Amino acid sequence: MKKLFVWDFHGTLEKGNEYAVIDRSNFILAKCGYTERFSEKDVQRLYGKKWYEYFQDLLPHLPHEKHIELQQKCFGMDDEKIGWDFIEKYIKPTEHAVGVLRQIHLNGHDQIVLSNTQEWALIKFVETVGLTSYLPAHKQFAAHNHEPGIGTLKETLLTNYLKDNPTYSVIIIGDTESDMNLKRVAGGITYLYHHPGRTCPLIAVDYVISDLREVLREI
């Protein structure tokens, strides 16, 4: 049976963007006249949070609207060359990501990527790490839910995709609990990608892996 591999992007198929987030945040803080800065130790401590939550953590005395405003200024950098200079400085494909996606493709299976980012930015992210051949634009789905009540849940995106592809056996690969929760709407098998050097979330999954090649057991 043809299978559907559902990939998370940030922290699963790519690595390094968390450092770009810190750098871009500090750039915006300076540009807006704030003296506070994120440090390298915040990279791991805040990993996985929404961008406004970074500013919420650093500037708890500010109203929520200011945290959202700073987040939007960071997103606005995507429209400028300097924004992507930060990203391209740090972002790389996760070890073996290219080879694993290629092998799944060669075996005739389907693959999509779900990401909490903007649609046009996701296209550029995937291109930057060299995965467009295996995850073309029509296989990329952006949730962009960085603010409560805004955007589309990954569960909804996957449910809608499966309406047109109802016979798939589903394999879900991601690095967060929310990724693993996609099993609620799709069933299938879950692979939690555990970053070397990070604490592994204590959640119910089928497999915990630190090497993406372990997913190839499904083909």
# chains A, B, ... in the order shown; residues from 1 in each chain; ligands from 1

$ select_by_dssp --residues "segment 58-158 of chain A" --states "helix (DSSP H, G or I)" --output "MDAnalysis selection string"
chainID A and resid 58 64:79 81:90 97:106 119:128 137:139 154:158

$ write_last_selection --atoms "C-alpha atoms" --output "PDB file, in the first residue's frame"
ATOM      1  CA  LEU A  58      12.187  38.329  28.018  1.00  0.00           C
ATOM      2  CA  HIS A  64       0.664  41.186  25.147  1.00  0.00           C
ATOM      3  CA  GLU A  65       0.095  43.570  22.243  1.00  0.00           C
ATOM      4  CA  LYS A  66       3.763  44.607  22.387  1.00  0.00           C
ATOM      5  CA  HIS A  67       4.914  40.978  22.291  1.00  0.00           C
ATOM      6  CA  ILE A  68       2.780  40.437  19.187  1.00  0.00           C
ATOM      7  CA  GLU A  69       4.114  43.644  17.649  1.00  0.00           C
ATOM      8  CA  LEU A  70       7.718  42.490  18.117  1.00  0.00           C
ATOM      9  CA  GLN A  71       6.833  39.113  16.628  1.00  0.00           C
ATOM     10  CA  GLN A  72       5.330  40.810  13.588  1.00  0.00           C
ATOM     11  CA  LYS A  73       8.448  42.928  13.125  1.00  0.00           C
ATOM     12  CA  CYS A  74      10.497  39.720  13.125  1.00  0.00           C
ATOM     13  CA  PHE A  75       8.202  38.183  10.516  1.00  0.00           C
ATOM     14  CA  GLY A  76       8.488  41.398   8.521  1.00  0.00           C
ATOM     15  CA  MET A  77      12.199  40.751   8.128  1.00  0.00           C
ATOM     16  CA  ASP A  78      11.289  37.894   5.798  1.00  0.00           C
ATOM     17  CA  ASP A  79      10.453  40.524   3.200  1.00  0.00           C
ATOM     18  CA  LYS A  81      17.229  40.394   2.246  1.00  0.00           C
ATOM     19  CA  ILE A  82      18.707  40.893   5.715  1.00  0.00           C
ATOM     20  CA  GLY A  83      16.061  38.597   7.201  1.00  0.00           C
ATOM     21  CA  TRP A  84      17.067  35.694   4.986  1.00  0.00           C
ATOM     22  CA  ASP A  85      20.735  36.466   5.555  1.00  0.00           C
ATOM     23  CA  PHE A  86      20.141  35.543   9.200  1.00  0.00           C
ATOM     24  CA  ILE A  87      18.355  32.336   8.215  1.00  0.00           C
ATOM     25  CA  GLU A  88      20.851  31.198   5.582  1.00  0.00           C
ATOM     26  CA  LYS A  89      23.686  31.772   8.036  1.00  0.00           C
ATOM     27  CA  TYR A  90      22.348  29.064  10.343  1.00  0.00           C
ATOM     28  CA  ALA A  97      17.093  14.308   5.644  1.00  0.00           C
ATOM     29  CA  VAL A  98      17.839  14.555   1.911  1.00  0.00           C
ATOM     30  CA  GLY A  99      18.688  10.869   1.581  1.00  0.00           C
ATOM     31  CA  VAL A 100      15.666   9.703   3.566  1.00  0.00           C
ATOM     32  CA  LEU A 101      13.209  11.807   1.569  1.00  0.00           C
ATOM     33  CA  ARG A 102      14.844  10.653  -1.660  1.00  0.00           C
ATOM     34  CA  GLN A 103      14.517   6.985  -0.692  1.00  0.00           C
ATOM     35  CA  ILE A 104      10.858   7.389   0.276  1.00  0.00           C
ATOM     36  CA  HIS A 105      10.226   9.126  -3.047  1.00  0.00           C
ATOM     37  CA  LEU A 106      12.002   6.406  -5.034  1.00  0.00           C
ATOM     38  CA  GLU A 119       2.999  29.637   3.214  1.00  0.00           C
ATOM     39  CA  TRP A 120       5.452  31.658   1.115  1.00  0.00           C
ATOM     40  CA  ALA A 121       8.116  31.410   3.838  1.00  0.00           C
ATOM     41  CA  LEU A 122       7.733  27.633   4.057  1.00  0.00           C
ATOM     42  CA  ILE A 123       8.357  27.375   0.309  1.00  0.00           C
ATOM     43  CA  LYS A 124      11.568  29.359   0.731  1.00  0.00           C
ATOM     44  CA  PHE A 125      12.643  27.398   3.829  1.00  0.00           C
ATOM     45  CA  VAL A 126      12.247  24.063   2.027  1.00  0.00           C
ATOM     46  CA  GLU A 127      14.156  25.413  -0.952  1.00  0.00           C
ATOM     47  CA  THR A 128      16.973  26.739   1.255  1.00  0.00           C
ATOM     48  CA  ALA A 137       4.998  23.539  -3.183  1.00  0.00           C
ATOM     49  CA  HIS A 138       1.743  21.559  -3.496  1.00  0.00           C
ATOM     50  CA  LYS A 139       3.002  19.172  -0.792  1.00  0.00           C
ATOM     51  CA  LYS A 154      -1.967  21.143  11.631  1.00  0.00           C
ATOM     52  CA  GLU A 155      -4.739  18.682  12.474  1.00  0.00           C
ATOM     53  CA  THR A 156      -7.093  20.529  10.125  1.00  0.00           C
ATOM     54  CA  LEU A 157      -4.532  20.654   7.321  1.00  0.00           C
ATOM     55  CA  LEU A 158      -3.895  16.927   7.588  1.00  0.00           C
TER      56      LEU A 158
END

$ select_by_dssp --residues "chain A" --states "strand (DSSP E or B)" --output "PyMOL selection string"
chain A and resi 3-8+10+14-15+92-93+110-115+140-142+169-174+189-193+207-209

$ residues_around --residues "segment 45-47 of chain A" --least-positions-apart "5" --cutoff "12 Å" --atoms "only C-alpha atoms" --output "list of chain:residue names"
A:His10, A:Gly11, A:Lys15, A:Gly16, A:Asn17, A:Glu18, A:Tyr19, A:Ala20, A:Val21, A:Ile22, A:Phe38, A:Ser39, A:Glu40, A:Tyr52, A:Glu53, A:Tyr54, A:Phe55, A:Gln56, A:Asp57, A:Leu58, A:Asp175, A:Thr176, A:His195, A:Arg198, A:Thr199

$ write_last_selection --atoms "N, CA and C atoms" --output "compact mmCIF listing (two decimals), in the first residue's frame"
# COMPACT_ATOMS: atom_id res chain seq x y z
N HIS A 10 10.52 22.54 10.99
CA HIS A 10 11.52 23.11 11.89
C HIS A 10 11.88 22.12 13.00
N GLY A 11 13.17 21.84 13.10
CA GLY A 11 13.64 20.94 14.14
C GLY A 11 13.57 19.47 13.77
N LYS A 15 17.82 21.99 10.80
CA LYS A 15 18.43 22.32 12.08
C LYS A 15 19.09 23.69 11.96
N GLY A 16 19.16 24.40 13.07
CA GLY A 16 19.85 25.67 13.11
C GLY A 16 18.98 26.90 13.10
N ASN A 17 17.72 26.77 12.68
CA ASN A 17 16.87 27.96 12.60
C ASN A 17 16.65 28.60 13.96
N GLU A 18 16.74 27.81 15.03
CA GLU A 18 16.54 28.37 16.38
C GLU A 18 17.58 29.43 16.70
N TYR A 19 18.78 29.29 16.13
CA TYR A 19 19.82 30.31 16.34
C TYR A 19 19.52 31.57 15.53
N ALA A 20 18.94 31.38 14.35
CA ALA A 20 18.52 32.53 13.55
C ALA A 20 17.40 33.29 14.25
N VAL A 21 16.51 32.57 14.91
CA VAL A 21 15.42 33.21 15.66
C VAL A 21 15.98 34.13 16.74
N ILE A 22 16.97 33.64 17.47
CA ILE A 22 17.58 34.46 18.52
C ILE A 22 18.26 35.69 17.94
N PHE A 38 18.40 38.39 24.12
CA PHE A 38 18.44 36.96 24.34
C PHE A 38 19.88 36.50 24.29
N SER A 39 20.20 35.48 25.08
CA SER A 39 21.54 34.91 25.08
C SER A 39 21.50 33.52 24.46
N GLU A 40 22.66 32.96 24.23
CA GLU A 40 22.72 31.63 23.61
C GLU A 40 22.06 30.57 24.47
N TYR A 52 6.16 35.11 19.76
CA TYR A 52 5.73 36.12 20.72
C TYR A 52 6.01 35.68 22.16
N GLU A 53 6.04 34.35 22.36
CA GLU A 53 6.33 33.83 23.71
C GLU A 53 7.79 34.06 24.09
N TYR A 54 8.67 34.16 23.11
CA TYR A 54 10.05 34.53 23.40
C TYR A 54 10.07 35.92 24.04
N PHE A 55 9.36 36.86 23.40
CA PHE A 55 9.35 38.23 23.91
C PHE A 55 8.57 38.33 25.23
N GLN A 56 7.58 37.50 25.37
CA GLN A 56 6.83 37.43 26.61
C GLN A 56 7.73 37.01 27.76
N ASP A 57 8.64 36.08 27.48
CA ASP A 57 9.58 35.60 28.49
C ASP A 57 10.62 36.66 28.83
N LEU A 58 11.13 37.34 27.81
CA LEU A 58 12.19 38.33 28.02
C LEU A 58 11.65 39.65 28.58
N ASP A 175 9.02 16.67 16.09
CA ASP A 175 9.83 16.78 17.31
C ASP A 175 9.08 17.36 18.50
N THR A 176 7.75 17.49 18.38
CA THR A 176 6.97 18.06 19.48
C THR A 176 5.74 17.21 19.76
N HIS A 195 16.20 15.43 19.49
CA HIS A 195 17.43 16.14 19.18
C HIS A 195 18.55 15.71 20.14
N ARG A 198 19.21 17.43 23.76
CA ARG A 198 18.02 18.03 24.35
C ARG A 198 17.27 17.00 25.17
N THR A 199 16.47 17.48 26.11
CA THR A 199 15.64 16.59 26.91
C THR A 199 14.51 16.05 26.05
